[in-house]
Amino acid sequence: MVTATFSGHQQDNLRGIFFMLLGFFVFSMADSIAKYLTAYYHPTQIVWTRQLGITLGVVVLIGMKGPQILRSAAPWLQIGRGMSAIVSALSFVVALRHVPLAMAVAVSFVAPFMVTMLGALLLREQVGIRRWAAIAIGFLGTLVVIRPGFDTPHPAILFVILAAFAFALRQILSRYLGNRDRTETTMAYTALTTIALLALPLPFFWAEPQSWSHVGAMAAMALLAGFGEYMVIRALEIALAVVVAPMQYAMIIFSSIWGFLLFGHIPDIWTWVGSAIIIASGLYMMRREARRSKG
């Protein structure tokens with residue numbers, strides 16, 4: 001069983017919430033670009049390109065600080081985190097081919113529940129009744145969002161659930177590794193693991209970019225994914241996973257905006273009602289952490 005200590009971290013919960021929100025905001029932008037690209041390219045190529053930006057940043061970092069950033073206290077767990085990142089990203093992009101962006105994001109909100117359970121079971125994090133209640137209320141909000149689509153859900157929804165579980169596992173590993181390795185080390189292992197393993201099947205799915213606008217979209221997606229990855233890692237290093245996990249709920253707002261601007265998808269009344277419930281649970285968590293930090 002994985003265990004961890006948390007001395008010196010609780011006072012940074014509020015800052016961790018901010019980093020997590022920023023990370024998910026840029027992730028929503030990267031996801032929107034990925035959905036656009038699914039009409040032209042295979043998910044394997046899209047995910048590999050998405051990870052390329054992180055990898056290039058790691059190469060520069062190694063050139064600046066030397067190969068010592070690859071020294072890890074738990075290299076196999078670092079590789080495992082990279083593999084979970086592959087499963088999460090690839091599953092989600094596969095789903096985006098068939099599921100509207102806001103719907104996919106809403107279903108992915110089972111991840112905070114998974115993070116909370118894994119955090120309590122594996123990391124032995126303390127989860128109070130008020131945190132459980134806030135997360136449960138946020139999850140109920142997601143049910144309100146996706147209720148109109150439950151009649152005939154596309155089978156690709158299952159890929160979103162798989163992506164959510166892999167993402168939750170990655171968050172738990174980030175929290176554990178945050179007490180042992182530096183942020184650069186975690187980023188390096190994740191980037192190198194994903195880029196290497198995805199390169200194996202890539203030749204079978206690669207297609208030349210059809211235009212310079214597609215090249216620009218791929219580059220933007222890669223850069224945004226890299227920045228979002230860094231923000232999530234930093235959040236999980238300085239705050240409890242059970243505190244920052246509910247911030248993923250904000251992605252429903254971000255994704256609804258991008259879905260409207262890029263694809264003309266107008267969220268219905270259930271999306272807005274559910275989103276209001278989700279935001280309320282997130283704001284409650286932030287208010288509690290603000291009070292705790294002042295106390």
# chains A, B, ... in the order shown; residues from 1 in each chain; ligands from 1
>>> closest_atom_pairs(of="range 210-229 of chain A", to="range 41-49 of chain A", cutoff="9 Å", atoms="only C-alpha atoms", output="tab-separated table")
residue	atom	partner	partner_atom	distance
A:Met218	CA	A:Thr49	CA	6.6
A:Ala219	CA	A:Thr49	CA	7.8
A:Met221	CA	A:Thr49	CA	8.0
A:Ala222	CA	A:Thr49	CA	6.3
>>> write_last_selection(atoms="N, CA and C atoms", output="PDB file, in the first residue's frame")
ATOM      1  N   MET A 218      -1.797  22.104 -33.752  1.00  0.00           N
ATOM      2  CA  MET A 218      -1.050  21.061 -33.037  1.00  0.00           C
ATOM      3  C   MET A 218      -0.019  21.667 -32.090  1.00  0.00           C
ATOM      4  N   ALA A 219       0.672  22.715 -32.542  1.00  0.00           N
ATOM      5  CA  ALA A 219       1.678  23.356 -31.697  1.00  0.00           C
ATOM      6  C   ALA A 219       1.025  23.987 -30.471  1.00  0.00           C
ATOM      7  N   MET A 221      -1.826  23.151 -29.076  1.00  0.00           N
ATOM      8  CA  MET A 221      -2.291  22.071 -28.217  1.00  0.00           C
ATOM      9  C   MET A 221      -1.152  21.523 -27.362  1.00  0.00           C
ATOM     10  N   ALA A 222       0.005  21.332 -27.966  1.00  0.00           N
ATOM     11  CA  ALA A 222       1.154  20.791 -27.245  1.00  0.00           C
ATOM     12  C   ALA A 222       1.615  21.742 -26.144  1.00  0.00           C
TER      13      ALA A 222
END
>>> closest_atom_pairs(of="range 164-200 of chain A", to="range 232-238 of chain A", cutoff="8 Å", atoms="only C-alpha atoms", output="Markdown table")
| residue | atom | partner | partner_atom | distance |
| --- | --- | --- | --- | --- |
| A:Gln171 | CA | A:Leu236 | CA | 7.2 |
| A:Ser174 | CA | A:Ile233 | CA | 6.3 |
| A:Arg175 | CA | A:Leu236 | CA | 5.2 |
| A:Gly178 | CA | A:Glu237 | CA | 4.8 |
| A:Asn179 | CA | A:Glu237 | CA | 7.2 |
| A:Thr183 | CA | A:Ile233 | CA | 6.8 |
>>> atom_distance(atom1="CA of Ala136 in chain A", atom2="CA of Phe27 in chain A")
23.3 Å
>>> atom_distance(atom1="CA of Leu96 in chain A", atom2="CA of Lys35 in chain A")
5.6 Å
>>> residues_around(residues="range 243-257 of chain A", least_positions_apart="2", cutoff="7 Å", atoms="only C-alpha atoms", output="number ranges by chain")
A: 13, 16-17, 20-21, 24-25, 28, 101-102, 105-106, 109, 112, 115, 135, 239-241, 259-261, 267, 275, 278-279, 282
>>> closest_atom_pairs(of="range 24-139 of chain A", to="range 185-203 of chain A", cutoff="8 Å", atoms="only C-alpha atoms", output="JSON lines")
{"residue": "A:Thr44", "atom": "CA", "partner": "A:Leu202", "partner_atom": "CA", "distance": 6.5}
{"residue": "A:Gln45", "atom": "CA", "partner": "A:Leu202", "partner_atom": "CA", "distance": 6.4}
{"residue": "A:Trp48", "atom": "CA", "partner": "A:Leu198", "partner_atom": "CA", "distance": 6.1}
{"residue": "A:Gln51", "atom": "CA", "partner": "A:Ala191", "partner_atom": "CA", "distance": 6.3}
{"residue": "A:Leu52", "atom": "CA", "partner": "A:Ile195", "partner_atom": "CA", "distance": 6.8}
{"residue": "A:Ile54", "atom": "CA", "partner": "A:Ala191", "partner_atom": "CA", "distance": 5.8}
{"residue": "A:Thr55", "atom": "CA", "partner": "A:Ala191", "partner_atom": "CA", "distance": 5.0}
{"residue": "A:Val58", "atom": "CA", "partner": "A:Ala188", "partner_atom": "CA", "distance": 5.5}
{"residue": "A:Ile69", "atom": "CA", "partner": "A:Thr185", "partner_atom": "CA", "distance": 5.2}
{"residue": "A:Leu70", "atom": "CA", "partner": "A:Thr185", "partner_atom": "CA", "distance": 5.5}
{"residue": "A:Arg71", "atom": "CA", "partner": "A:Thr185", "partner_atom": "CA", "distance": 7.1}
{"residue": "A:Ser72", "atom": "CA", "partner": "A:Thr185", "partner_atom": "CA", "distance": 6.8}
{"residue": "A:Gln78", "atom": "CA", "partner": "A:Tyr189", "partner_atom": "CA", "distance": 5.8}
{"residue": "A:Ile79", "atom": "CA", "partner": "A:Thr193", "partner_atom": "CA", "distance": 6.1}
{"residue": "A:Arg81", "atom": "CA", "partner": "A:Thr190", "partner_atom": "CA", "distance": 6.4}
{"residue": "A:Gly82", "atom": "CA", "partner": "A:Thr190", "partner_atom": "CA", "distance": 4.1}
{"residue": "A:Met83", "atom": "CA", "partner": "A:Thr194", "partner_atom": "CA", "distance": 6.5}
{"residue": "A:Ala85", "atom": "CA", "partner": "A:Thr194", "partner_atom": "CA", "distance": 7.2}
{"residue": "A:Ile86", "atom": "CA", "partner": "A:Thr194", "partner_atom": "CA", "distance": 5.9}
>>> residues_around(residues="Ala74 in chain A", least_positions_apart="6", cutoff="9 Å", atoms="only C-alpha atoms", output="list in words")
Leu177, Arg180 and Asp181 of chain A
>>> select_by_dssp(residues="range 29-251 of chain A", states="helix (DSSP H, G or I)", output="ChimeraX atom specification")
/A:29-37,43-65,67-70,75-96,101-122,129-149,157-177,183-199,202-204,212-238,241-251
